[in-house]
>>> print(open('model.cif').read())   # mmCIF, C-alpha atoms
data_target
#
loop_
_atom_site.label_atom_id
_atom_site.label_comp_id
_atom_site.auth_asym_id
_atom_site.auth_seq_id
_atom_site.Cartn_x
_atom_site.Cartn_y
_atom_site.Cartn_z
CA MET A 23 -8.57 68.78 -60.99
CA ASN A 24 -10.29 65.68 -59.60
CA ASP A 25 -9.48 63.32 -56.73
CA GLN A 26 -7.14 61.18 -58.82
CA GLU A 27 -5.20 64.20 -60.09
CA TYR A 28 -4.72 65.59 -56.58
CA MET A 29 -3.61 62.17 -55.35
CA ARG A 30 -1.19 61.84 -58.25
CA PHE A 31 0.34 65.17 -57.22
CA ALA A 32 0.65 63.86 -53.66
CA LEU A 33 2.45 60.78 -55.03
CA THR A 34 4.87 63.03 -56.89
CA LEU A 35 5.58 64.98 -53.70
CA ALA A 36 6.18 61.77 -51.75
CA GLN A 37 8.95 60.71 -54.14
CA ASN A 38 11.09 63.56 -52.78
CA GLY A 39 11.50 61.59 -49.55
CA LEU A 40 13.01 58.50 -51.19
CA GLY A 41 16.08 57.34 -49.33
CA TRP A 42 15.63 59.63 -46.34
CA THR A 43 12.63 58.39 -44.33
CA SER A 44 13.65 54.79 -43.55
CA PRO A 45 12.30 52.90 -41.71
CA ASN A 46 9.27 55.19 -41.99
CA PRO A 47 7.14 55.24 -45.16
CA ILE A 48 7.39 57.90 -47.85
CA VAL A 49 4.20 59.98 -47.87
CA GLY A 50 2.88 63.01 -49.75
CA ALA A 51 -0.05 65.26 -48.87
CA VAL A 52 -2.01 68.01 -50.61
CA ILE A 53 -4.61 70.36 -49.07
CA VAL A 54 -7.34 71.69 -51.38
CA LYS A 55 -9.92 74.39 -50.62
CA ASP A 56 -12.50 75.70 -53.05
CA GLY A 57 -10.72 73.99 -55.93
CA ARG A 58 -7.34 75.53 -55.06
CA ILE A 59 -4.23 73.90 -53.61
CA ILE A 60 -3.46 75.84 -50.45
CA GLY A 61 -0.91 73.50 -48.88
CA GLN A 62 1.41 70.68 -49.81
CA GLY A 63 4.12 68.62 -48.17
CA TYR A 64 5.90 65.32 -47.85
CA HIS A 65 7.75 63.35 -45.17
CA LYS A 66 11.28 64.64 -45.68
CA ARG A 67 13.39 62.64 -43.24
CA TYR A 68 13.00 60.11 -40.48
CA GLY A 69 12.02 61.99 -37.33
CA SER A 70 10.84 65.11 -39.17
CA LEU A 71 7.27 66.33 -39.67
CA HIS A 72 4.94 63.83 -41.29
CA ALA A 73 3.47 64.78 -44.66
CA GLU A 74 0.14 65.92 -43.22
CA ARG A 75 1.69 68.28 -40.70
CA CYS A 76 4.15 69.53 -43.30
CA ALA A 77 1.29 70.34 -45.67
CA LEU A 78 -0.68 72.08 -42.92
CA ALA A 79 2.36 74.19 -42.00
CA SER A 80 2.64 75.36 -45.60
CA CYS A 81 -0.99 76.50 -45.95
CA THR A 82 -1.43 79.92 -47.55
CA GLU A 83 -4.81 80.37 -45.83
CA SER A 84 -6.90 78.67 -43.15
CA PRO A 85 -7.39 74.95 -43.92
CA ALA A 86 -10.75 74.91 -42.12
CA GLY A 87 -13.29 73.25 -44.39
CA ALA A 88 -10.61 72.02 -46.81
CA ALA A 89 -9.90 68.53 -48.16
CA LEU A 90 -6.69 66.63 -47.47
CA TYR A 91 -5.28 64.18 -50.00
CA VAL A 92 -2.67 61.84 -48.51
CA THR A 93 -1.00 58.76 -49.99
CA LEU A 94 -1.09 56.76 -46.72
CA GLU A 95 -3.55 56.53 -43.85
CA PRO A 96 -2.80 59.25 -41.24
CA CYS A 97 -1.11 57.98 -38.10
CA CYS A 98 -2.96 58.06 -34.78
CA HIS A 99 -0.17 57.22 -32.34
CA GLN A 100 2.67 59.08 -30.67
CA GLY A 101 6.08 58.35 -32.16
CA LYS A 102 8.85 60.80 -32.95
CA GLN A 103 5.97 63.03 -34.07
CA PRO A 104 2.50 63.43 -32.51
CA PRO A 105 -0.56 61.84 -34.16
CA CYS A 106 -1.47 63.33 -37.52
CA THR A 107 -5.15 62.68 -36.81
CA ASP A 108 -4.92 65.29 -34.03
CA ALA A 109 -3.48 67.87 -36.43
CA ILE A 110 -6.16 67.16 -39.04
CA LEU A 111 -8.97 67.58 -36.53
CA GLU A 112 -7.46 70.73 -35.00
CA ALA A 113 -7.09 72.29 -38.46
CA GLY A 114 -10.78 71.82 -39.25
CA ILE A 115 -10.24 69.58 -42.29
CA THR A 116 -13.64 68.23 -43.29
CA ARG A 117 -12.70 65.68 -45.96
CA VAL A 118 -9.77 63.26 -46.11
CA VAL A 119 -8.94 61.21 -49.20
CA VAL A 120 -6.49 58.34 -48.59
CA GLY A 121 -4.57 56.33 -51.15
CA ALA A 122 -3.68 53.25 -49.07
CA GLY A 123 -4.25 51.93 -45.57
CA ASP A 124 -1.37 51.60 -43.11
CA PRO A 125 -0.66 47.99 -42.04
CA ASN A 126 1.29 49.17 -38.98
CA PRO A 127 -0.54 47.53 -36.02
CA LEU A 128 -0.44 50.91 -34.26
CA VAL A 129 -2.58 52.36 -37.06
CA ALA A 130 -4.27 49.70 -39.27
CA GLY A 131 -7.59 51.50 -39.79
CA ARG A 132 -7.67 53.24 -36.42
CA GLY A 133 -6.62 56.54 -37.98
CA LEU A 134 -9.55 56.47 -40.38
CA ALA A 135 -11.96 55.38 -37.64
CA ILE A 136 -10.93 58.30 -35.41
CA LEU A 137 -11.52 60.80 -38.21
CA ARG A 138 -14.90 59.32 -39.12
CA ALA A 139 -15.98 59.31 -35.47
CA ARG A 140 -15.33 63.06 -35.36
CA GLY A 141 -17.46 63.73 -38.44
CA VAL A 142 -14.74 63.92 -41.09
CA GLN A 143 -15.73 62.58 -44.49
CA VAL A 144 -13.19 59.86 -45.31
CA GLU A 145 -12.68 58.29 -48.72
CA THR A 146 -10.18 55.55 -49.42
CA VAL A 147 -8.32 53.62 -52.13
CA VAL A 148 -7.87 56.48 -54.60
CA LEU A 149 -4.96 55.36 -56.82
CA LYS A 150 -4.53 52.49 -54.38
CA GLU A 151 -2.15 50.41 -56.51
CA GLU A 152 0.19 53.35 -57.09
CA CYS A 153 0.14 54.21 -53.40
CA LEU A 154 0.84 50.61 -52.41
CA ALA A 155 3.74 50.40 -54.88
CA LEU A 156 5.22 53.59 -53.42
CA ASN A 157 5.71 51.91 -50.04
CA ARG A 158 6.30 48.24 -50.86
CA VAL A 159 9.45 48.38 -48.72
CA PHE A 160 7.63 49.80 -45.69
CA PHE A 161 4.71 47.38 -45.98
CA HIS A 162 7.02 44.36 -46.19
CA PHE A 163 9.18 45.49 -43.29
CA ILE A 164 6.31 46.41 -40.96
CA GLN A 165 4.58 43.08 -41.60
CA THR A 166 7.60 40.75 -41.47
CA GLY A 167 10.28 42.58 -39.49
CA ARG A 168 12.75 41.69 -42.25
CA PRO A 169 14.28 43.76 -45.06
CA TYR A 170 12.78 43.99 -48.51
CA VAL A 171 15.47 42.50 -50.76
CA VAL A 172 16.00 43.62 -54.36
CA MET A 173 18.35 41.43 -56.38
CA LYS A 174 20.02 43.53 -59.08
CA TYR A 175 22.36 42.56 -61.89
CA ALA A 176 23.44 43.76 -65.32
CA MET A 177 23.87 41.35 -68.21
CA THR A 178 24.22 41.13 -71.96
CA MET A 179 21.47 39.90 -74.24
CA ASP A 180 23.02 36.43 -74.10
CA GLY A 181 22.79 36.44 -70.30
CA LYS A 182 26.43 37.11 -69.36
CA ILE A 183 27.61 39.29 -66.46
CA ALA A 184 31.27 39.13 -67.52
CA THR A 185 33.39 37.89 -70.40
CA GLY A 186 35.18 34.57 -70.29
CA THR A 187 38.24 36.40 -68.91
CA GLY A 188 36.19 37.89 -66.07
CA ALA A 189 36.05 41.44 -67.45
CA SER A 190 32.74 43.13 -66.60
CA GLN A 191 33.16 46.92 -66.69
CA TRP A 192 31.07 48.20 -68.19
CA ILE A 193 28.14 46.14 -69.47
CA THR A 194 25.52 48.90 -69.38
CA GLY A 195 25.73 52.57 -70.31
CA GLY A 196 25.99 55.66 -68.15
CA ALA A 197 22.23 56.24 -67.82
CA ALA A 198 21.66 52.74 -66.39
CA ARG A 199 24.60 53.10 -64.01
CA ARG A 200 23.20 56.40 -62.74
CA ARG A 201 19.90 54.64 -62.05
CA VAL A 202 21.78 52.06 -59.96
CA HIS A 203 23.26 54.83 -57.82
CA GLU A 204 19.79 56.26 -57.31
CA ASP A 205 18.79 52.87 -55.92
CA ARG A 206 21.87 52.75 -53.71
CA HIS A 207 20.59 56.02 -52.25
CA ARG A 208 17.02 54.72 -52.02
CA TYR A 209 17.65 51.43 -50.21
CA THR A 210 19.05 51.27 -46.69
CA ALA A 211 21.73 48.63 -47.27
CA ILE A 212 23.71 47.09 -50.11
CA MET A 213 24.89 43.49 -49.97
CA ALA A 214 27.61 41.64 -51.84
CA GLY A 215 29.59 38.45 -51.37
CA ILE A 216 33.25 37.79 -50.73
CA GLY A 217 33.67 36.70 -54.36
CA THR A 218 32.70 40.15 -55.59
CA VAL A 219 35.07 41.79 -53.08
CA LEU A 220 38.01 39.61 -54.11
CA THR A 221 37.35 40.00 -57.84
CA ASP A 222 36.33 43.67 -58.15
CA ASP A 223 37.50 45.39 -54.93
CA PRO A 224 34.32 47.54 -55.07
CA LEU A 225 33.40 50.55 -52.92
CA LEU A 226 29.62 49.88 -52.99
CA THR A 227 28.89 53.54 -52.30
CA CYS A 228 26.36 55.96 -53.76
CA ARG A 229 27.90 58.37 -56.23
CA MET A 230 24.70 60.31 -56.90
CA GLU A 231 24.99 64.02 -56.18
CA GLY A 232 23.24 64.74 -52.89
CA GLY A 233 22.74 61.04 -52.19
CA LYS A 234 23.57 58.98 -49.13
CA ASN A 235 25.64 55.85 -48.85
CA PRO A 236 23.89 52.58 -48.01
CA ILE A 237 25.08 50.39 -45.17
CA ARG A 238 27.48 47.88 -46.74
CA VAL A 239 26.88 44.22 -45.87
CA ILE A 240 29.49 41.71 -47.01
CA CYS A 241 28.72 38.00 -46.80
CA ASP A 242 32.13 36.63 -45.89
CA SER A 243 31.73 33.24 -44.25
CA GLY A 244 35.46 32.69 -43.65
CA LEU A 245 36.52 36.32 -43.05
CA ARG A 246 38.64 36.52 -46.18
CA THR A 247 38.03 40.18 -46.99
CA PRO A 248 41.49 41.72 -47.51
CA LEU A 249 42.39 44.27 -44.86
CA ASP A 250 43.70 46.53 -47.62
CA SER A 251 40.48 46.30 -49.66
CA ARG A 252 38.60 49.51 -50.34
CA ILE A 253 35.69 48.17 -48.28
CA VAL A 254 37.82 47.87 -45.16
CA ARG A 255 39.88 51.00 -45.75
CA THR A 256 36.72 53.14 -45.95
CA ALA A 257 34.81 51.43 -43.12
CA GLY A 258 35.46 54.39 -40.85
CA ASP A 259 33.45 56.61 -43.21
CA VAL A 260 30.79 54.23 -44.54
CA PRO A 261 28.93 51.86 -42.17
CA THR A 262 30.18 48.36 -42.98
CA ILE A 263 29.04 44.96 -41.70
CA LEU A 264 30.94 41.74 -42.32
CA ALA A 265 28.56 38.81 -41.90
CA THR A 266 30.54 35.67 -41.15
CA ALA A 267 30.37 32.15 -39.77
CA CYS A 268 33.97 32.44 -38.56
CA GLY A 269 34.26 32.61 -34.78
CA SER A 270 37.94 33.63 -34.56
CA ARG A 271 38.22 36.59 -32.18
CA GLU A 272 41.71 37.38 -33.45
CA ARG A 273 40.53 37.73 -37.04
CA ARG A 274 37.51 39.75 -35.98
CA ALA A 275 39.69 42.19 -34.04
CA ALA A 276 41.60 43.40 -37.10
CA TYR A 277 38.39 44.28 -38.96
CA GLU A 278 36.82 45.91 -35.93
CA ALA A 279 39.94 48.02 -35.44
CA ALA A 280 39.44 49.28 -39.00
CA GLY A 281 35.84 50.33 -38.23
CA CYS A 282 33.91 47.30 -39.49
CA ARG A 283 31.14 45.63 -37.53
CA VAL A 284 31.59 41.86 -37.56
CA TRP A 285 28.51 39.70 -37.05
CA THR A 286 29.05 36.02 -36.34
CA LEU A 287 25.98 34.16 -37.56
CA PRO A 288 24.92 30.54 -37.93
CA GLY A 289 26.38 28.74 -40.91
CA ARG A 290 24.52 26.72 -43.53
CA ASP A 291 26.48 24.43 -45.87
CA GLY A 292 29.63 26.36 -45.03
CA ARG A 293 28.09 29.76 -45.73
CA VAL A 294 26.34 32.44 -43.70
CA ASP A 295 22.70 31.58 -43.06
CA LEU A 296 20.98 34.29 -45.09
CA PRO A 297 17.57 34.16 -43.34
CA ALA A 298 19.41 34.59 -40.02
CA LEU A 299 21.24 37.59 -41.49
CA MET A 300 17.96 39.13 -42.65
CA LYS A 301 16.47 38.65 -39.20
CA ARG A 302 19.47 40.38 -37.61
CA LEU A 303 19.31 43.26 -40.10
CA GLY A 304 15.61 43.66 -39.37
CA ARG A 305 16.30 43.94 -35.66
CA GLU A 306 18.79 46.68 -36.48
CA GLY A 307 16.09 48.64 -38.33
CA VAL A 308 17.38 47.89 -41.83
CA ASP A 309 14.22 47.84 -43.91
CA SER A 310 15.68 47.21 -47.38
CA VAL A 311 18.68 45.61 -49.08
CA LEU A 312 19.96 46.05 -52.63
CA LEU A 313 21.68 42.77 -53.45
CA GLU A 314 24.56 43.31 -55.88
CA GLY A 315 26.09 39.88 -55.61
CA GLY A 316 27.64 37.46 -58.05
CA GLY A 317 26.06 34.27 -59.28
CA THR A 318 26.85 32.23 -56.16
CA LEU A 319 25.29 34.68 -53.69
CA ASN A 320 22.36 35.40 -56.00
CA TRP A 321 21.41 31.73 -56.16
CA ALA A 322 21.87 31.32 -52.39
CA ALA A 323 19.56 34.30 -51.84
CA LEU A 324 16.89 32.92 -54.15
CA GLU A 325 17.19 29.41 -52.76
CA SER A 326 16.82 30.65 -49.18
CA GLY A 327 13.70 32.67 -50.03
CA ILE A 328 14.91 36.13 -49.00
CA VAL A 329 14.40 37.93 -52.35
CA GLN A 330 11.26 39.97 -53.04
CA ARG A 331 12.16 41.74 -56.28
CA VAL A 332 14.51 41.18 -59.22
CA GLN A 333 16.05 43.92 -61.35
CA ALA A 334 17.76 42.84 -64.57
CA TYR A 335 19.56 45.50 -66.59
CA ILE A 336 19.99 44.19 -70.13
CA ALA A 337 22.50 45.70 -72.53
CA PRO A 338 22.21 45.29 -76.33
CA SER A 339 25.45 43.33 -76.63
CA ILE A 340 26.63 39.73 -76.73
CA PHE A 341 29.71 38.31 -75.01
CA GLY A 342 29.42 34.62 -75.82
CA GLY A 343 31.75 32.10 -74.25
CA ALA A 344 30.81 28.85 -72.57
CA ALA A 345 32.81 29.82 -69.48
CA ALA A 346 31.41 33.36 -69.21
CA LYS A 347 29.40 33.77 -66.02
CA SER A 348 25.66 34.25 -65.80
CA PRO A 349 23.89 36.28 -63.08
CA VAL A 350 22.61 33.29 -61.12
CA GLY A 351 24.90 30.32 -60.44
CA GLY A 352 24.76 27.60 -57.83
CA LEU A 353 23.19 24.24 -58.54
CA GLY A 354 19.99 25.72 -59.91
CA VAL A 355 16.80 23.73 -60.34
CA GLU A 356 16.48 20.27 -61.82
CA THR A 357 13.32 20.80 -63.88
CA PRO A 358 11.56 23.84 -65.38
CA GLU A 359 8.63 23.28 -63.03
CA GLN A 360 10.91 24.06 -60.09
CA ALA A 361 11.88 27.52 -61.38
CA VAL A 362 11.65 30.59 -59.18
CA ARG A 363 8.59 32.27 -60.68
CA LEU A 364 8.39 36.02 -61.24
CA LYS A 365 5.33 38.20 -61.83
CA ASN A 366 4.16 41.77 -62.51
CA THR A 367 7.08 42.45 -64.83
CA THR A 368 7.72 45.94 -66.16
CA ILE A 369 10.17 47.00 -68.87
CA THR A 370 11.81 50.43 -68.89
CA ARG A 371 14.19 51.74 -71.52
CA ILE A 372 17.17 53.57 -69.96
CA GLY A 373 19.43 55.01 -72.62
CA GLU A 374 20.35 52.11 -74.90
CA ASP A 375 19.70 49.56 -72.16
CA PHE A 376 16.55 47.99 -70.74
CA LEU A 377 15.52 47.39 -67.15
CA LEU A 378 13.26 44.43 -66.42
CA GLU A 379 11.74 44.45 -62.94
CA SER A 380 9.67 41.62 -61.49
CA GLU A 381 8.27 40.61 -58.14
CA VAL A 382 9.08 37.15 -56.88
CA ASP A 383 5.91 35.07 -56.87
CA THR A 384 5.74 34.05 -53.22
CA ASP A 385 2.87 31.65 -53.94
CA VAL A 386 5.32 29.28 -55.62
CA TYR A 387 8.60 30.55 -54.11
CA GLY A 388 10.35 27.67 -52.43
CA ASP A 389 8.85 24.92 -54.60
CA HIS A 390 12.13 24.74 -56.48
#
>>> encode(input="model.cif", output="structure tokens")
Amino acid sequence: MNDQEYMRFALTLAQNGLGWTSPNPIVGAVIVKDGRIIGQGYHKRYGSLHAERCALASCTESPAGAALYVTLEPCCHQGKQPPCTDAILEAGITRVVVGAGDPNPLVAGRGLAILRARGVQVETVVLKEECLALNRVFFHFIQTGRPYVVMKYAMTMDGKIATGTGASQWITGGAARRRVHEDRHRYTAIMAGIGTVLTDDPLLTCRMEGGKNPIRVICDSGLRTPLDSRIVRTAGDVPTILATACGSRERRAAYEAAGCRVWTLPGRDGRVDLPALMKRLGREGVDSVLLEGGGTLNWAALESGIVQRVQAYIAPSIFGGAAAKSPVGGLGVETPEQAVRLKNTTITRIGEDFLLESEVDTDVYGDH
């Protein structure tokens, strides 16, 4: 095996931490000696051993003189765990191969500098793009202090998210719906609007075996969420935030008694100010949000500039109907030149459906 193959194995290991390490990154590490893998590990949960220390603990023989392959630059500061650079040096590792640098100001090249100063051979940017993609959430959060927002919707091939009567279950097949629950496990929070709550009475939970529920965030400017809705009735079991512009203490009290957290935020055009909500979520340590809103909230999110990624599940079916809703509503743009531009699109077949994923082009985001 060569450097790229060992790093690819480390990337595979890192994937096991998805959904559990937030707001830390997901990281995988492999230790190789004389052409043999003698240790491997990944960051399993927030607060647990980092990947490097996990790999060292699993070694089947002394790691002295071995090479360490790690998807992210080793940390060099004391957090919930001691510096990984200390563990690497104490173990006698003589070569470290890193996939991507760590933008955390507490690290940001210092980890590599410490290793080099102590005589360790350090090589960087092996499978860099793959390693960067692995932690796009962490990189965004550590650099901005705000959540990475993924706007997700399912639609037919004619761009409808429901029929003209409002019926929407189910547009996509079982395989695509299972993928959505994997993402509900992966991302820290899930966000929907009051329209979705009133129309669908959703649970917004993760129904993946062994998965965890995201924090539920409901944008409810006027506090209209029914007290008998499934969201409110399960708030004692699933963390739930109602983001509102309504300042009524009496109305807040009923939701808080049911176990909801009610955040009163600035209003904008009669609705919750979404950038202010993202800032508040960031302060609470929420590093990512899966936006499963309707057309009104989706447009408001795009218009306010909070979205980083778009996921469009497309089913091979056609609803038709001039009144049938599309995934993005609102006023929209006036000319094609004002469109929200997307880039780096990938297409994945999931059962009979297709998933299109794109990054929002921040270079032109906001020109609309």
>>> closest_residue(input="model.cif", among="A:Ile237, A:Val294, A:Ala73, A:Ala276", to="Ala51 in chain A", atoms="all atoms listed in the file")
A:Ala73
>>> residues_around(input="model.cif", residues="Val52 in chain A", least_positions_apart="2", cutoff="9 Å", atoms="all atoms listed in the file", output="mmCIF file with C-alpha atoms, in the frame of the given file")
data_model
loop_
_atom_site.group_PDB
_atom_site.id
_atom_site.type_symbol
_atom_site.label_atom_id
_atom_site.label_comp_id
_atom_site.auth_asym_id
_atom_site.auth_seq_id
_atom_site.Cartn_x
_atom_site.Cartn_y
_atom_site.Cartn_z
ATOM 1 C CA TYR A 28 -4.720 65.590 -56.580
ATOM 2 C CA MET A 29 -3.610 62.170 -55.350
ATOM 3 C CA PHE A 31 0.340 65.170 -57.220
ATOM 4 C CA ALA A 32 0.650 63.860 -53.660
ATOM 5 C CA LEU A 35 5.580 64.980 -53.700
ATOM 6 C CA GLY A 50 2.880 63.010 -49.750
ATOM 7 C CA VAL A 54 -7.340 71.690 -51.380
ATOM 8 C CA ILE A 59 -4.230 73.900 -53.610
ATOM 9 C CA ILE A 60 -3.460 75.840 -50.450
ATOM 10 C CA GLY A 61 -0.910 73.500 -48.880
ATOM 11 C CA GLN A 62 1.410 70.680 -49.810
ATOM 12 C CA GLY A 63 4.120 68.620 -48.170
ATOM 13 C CA TYR A 64 5.900 65.320 -47.850
ATOM 14 C CA ALA A 73 3.470 64.780 -44.660
ATOM 15 C CA GLU A 74 0.140 65.920 -43.220
ATOM 16 C CA ALA A 77 1.290 70.340 -45.670
ATOM 17 C CA LEU A 78 -0.680 72.080 -42.920
ATOM 18 C CA ALA A 89 -9.900 68.530 -48.160
ATOM 19 C CA LEU A 90 -6.690 66.630 -47.470
ATOM 20 C CA TYR A 91 -5.280 64.180 -50.000
ATOM 21 C CA VAL A 92 -2.670 61.840 -48.510
#
>>> closest_atom_pairs(input="model.cif", of="range 142-242 of chain A", to="range 300-315 of chain A", cutoff="6 Å", atoms="all atoms listed in the file", output="tab-separated table")
residue	atom	partner	partner_atom	distance
A:Phe163	CA	A:Asp309	CA	5.6
A:Gly167	CA	A:Gly304	CA	5.4
A:Arg168	CA	A:Gly304	CA	4.5
A:Pro169	CA	A:Asp309	CA	4.2
A:Tyr170	CA	A:Ser310	CA	4.5
A:Val171	CA	A:Val311	CA	4.8
A:Val172	CA	A:Leu312	CA	5.0
A:Met173	CA	A:Leu313	CA	4.6
A:Lys174	CA	A:Glu314	CA	5.6
A:Tyr209	CA	A:Ser310	CA	5.4
A:Thr210	CA	A:Ser310	CA	5.3
A:Ala211	CA	A:Val311	CA	4.7
A:Ile212	CA	A:Leu312	CA	4.6
A:Met213	CA	A:Leu313	CA	4.8
A:Ala214	CA	A:Gly315	CA	4.4
A:Gly215	CA	A:Gly315	CA	5.7
>>> residues_near_point(input="model.cif", point="(0.5, 56.1, -47.8)", cutoff="6 Å", atoms="all atoms listed in the file", output="list of chain:residue names")
A:Val49, A:Thr93, A:Leu94, A:Glu95, A:Ala122, A:Cys153
>>> resolve_selection(input="model.cif", expression="the PyMOL selection byres ((chain A and resi 220-226) around 6)", output="PyMOL selection string")
chain A and resi 217-219+227+252-253
>>> residues_near_point(input="model.cif", point="(26.2, 41.5, -72.1)", cutoff="8 Å", atoms="all atoms listed in the file", output="PyMOL selection string")
chain A and resi 176-184+193-194+336-341
>>> atom_distance(input="model.cif", atom1="CA of Leu40 in chain A", atom2="CA of Ile110 in chain A")
24.3 Å
>>> axis_aligned_box(input="model.cif", around="range 46-55 of chain A", padding_each_side="8 Å", output="lines of an AutoDock Vina configuration file")
center_x = -0.3
center_y = 64.8
center_z = -46.7
size_x = 35.2
size_y = 35.2
size_z = 25.4
>>> resolve_selection(input="model.cif", expression="the PyMOL selection byres ((chain A and resi 371-377) around 9)", output="PyMOL selection string")
chain A and resi 176+194-198+201+333-338+368-370+378-379
>>> atom_distance(input="model.cif", atom1="CA of Gly351 in chain A", atom2="CA of Ser270 in chain A")
29.2 Å
>>> atom_distance(input="model.cif", atom1="CA of Gly101 in chain A", atom2="CA of Gly233 in chain A")
26.2 Å
>>> residues_around(input="model.cif", residues="Ala88 in chain A", least_positions_apart="3", cutoff="7 Å", atoms="all atoms listed in the file", output="list in words")
Ile53, Val54, Lys55, Pro85, Ile115, Thr116 and Arg117 of chain A
>>> decode(input="model.cif", residues="range 208-214 of chain A", atoms="all heavy atoms", output="JSON list (two decimals), in the first residue's frame")
[["chain", "number", "residue", "atom", "x", "y", "z"],
["A", 208, "ARG", "N", -26.43, 12.71, 11.37],
["A", 208, "ARG", "CA", -25.13, 13.34, 11.12],
["A", 208, "ARG", "C", -25.08, 14.79, 11.58],
["A", 208, "ARG", "O", -24.10, 15.23, 12.19],
["A", 208, "ARG", "CB", -24.81, 13.26, 9.64],
["A", 208, "ARG", "CG", -23.55, 14.02, 9.23],
["A", 208, "ARG", "CD", -23.24, 13.81, 7.76],
["A", 208, "ARG", "NE", -21.97, 14.42, 7.40],
["A", 208, "ARG", "CZ", -21.34, 14.19, 6.25],
["A", 208, "ARG", "NH1", -21.85, 13.35, 5.38],
["A", 208, "ARG", "NH2", -20.19, 14.78, 5.99],
["A", 209, "TYR", "N", -26.13, 15.57, 11.28],
["A", 209, "TYR", "CA", -26.11, 16.99, 11.59],
["A", 209, "TYR", "C", -26.68, 17.26, 12.98],
["A", 209, "TYR", "O", -27.53, 16.53, 13.48],
["A", 209, "TYR", "CB", -26.86, 17.77, 10.52],
["A", 209, "TYR", "CG", -26.20, 17.65, 9.15],
["A", 209, "TYR", "CD1", -26.82, 16.97, 8.11],
["A", 209, "TYR", "CD2", -24.93, 18.17, 8.93],
["A", 209, "TYR", "CE1", -26.20, 16.83, 6.87],
["A", 209, "TYR", "CE2", -24.30, 18.04, 7.71],
["A", 209, "TYR", "CZ", -24.94, 17.37, 6.68],
["A", 209, "TYR", "OH", -24.31, 17.23, 5.46],
["A", 210, "THR", "N", -26.21, 18.32, 13.60],
["A", 210, "THR", "CA", -26.53, 18.59, 15.00],
["A", 210, "THR", "C", -27.97, 19.01, 15.20],
["A", 210, "THR", "O", -28.60, 18.66, 16.21],
["A", 210, "THR", "CB", -25.58, 19.66, 15.56],
["A", 210, "THR", "OG1", -24.23, 19.21, 15.39],
["A", 210, "THR", "CG2", -25.83, 19.91, 17.04],
["A", 211, "ALA", "N", -28.50, 19.80, 14.27],
["A", 211, "ALA", "CA", -29.87, 20.31, 14.42],
["A", 211, "ALA", "C", -30.64, 20.14, 13.13],
["A", 211, "ALA", "O", -30.07, 19.99, 12.04],
["A", 211, "ALA", "CB", -29.84, 21.79, 14.82],
["A", 212, "ILE", "N", -31.96, 20.15, 13.26],
["A", 212, "ILE", "CA", -32.86, 20.12, 12.10],
["A", 212, "ILE", "C", -33.80, 21.30, 12.24],
["A", 212, "ILE", "O", -34.26, 21.61, 13.35],
["A", 212, "ILE", "CB", -33.62, 18.79, 12.02],
["A", 212, "ILE", "CG1", -34.46, 18.72, 10.75],
["A", 212, "ILE", "CG2", -34.50, 18.56, 13.26],
["A", 212, "ILE", "CD1", -35.03, 17.33, 10.48],
["A", 213, "MET", "N", -34.06, 21.99, 11.15],
["A", 213, "MET", "CA", -34.87, 23.20, 11.22],
["A", 213, "MET", "C", -36.04, 23.13, 10.25],
["A", 213, "MET", "O", -35.88, 22.68, 9.11],
["A", 213, "MET", "CB", -34.02, 24.44, 10.93],
["A", 213, "MET", "CG", -34.75, 25.76, 11.15],
["A", 213, "MET", "SD", -33.63, 27.18, 11.22],
["A", 213, "MET", "CE", -33.28, 27.43, 9.47],
["A", 214, "ALA", "N", -37.20, 23.56, 10.71],
["A", 214, "ALA", "CA", -38.38, 23.63, 9.86],
["A", 214, "ALA", "C", -39.16, 24.88, 10.26],
["A", 214, "ALA", "O", -38.89, 25.51, 11.29],
["A", 214, "ALA", "CB", -39.25, 22.39, 10.02]]
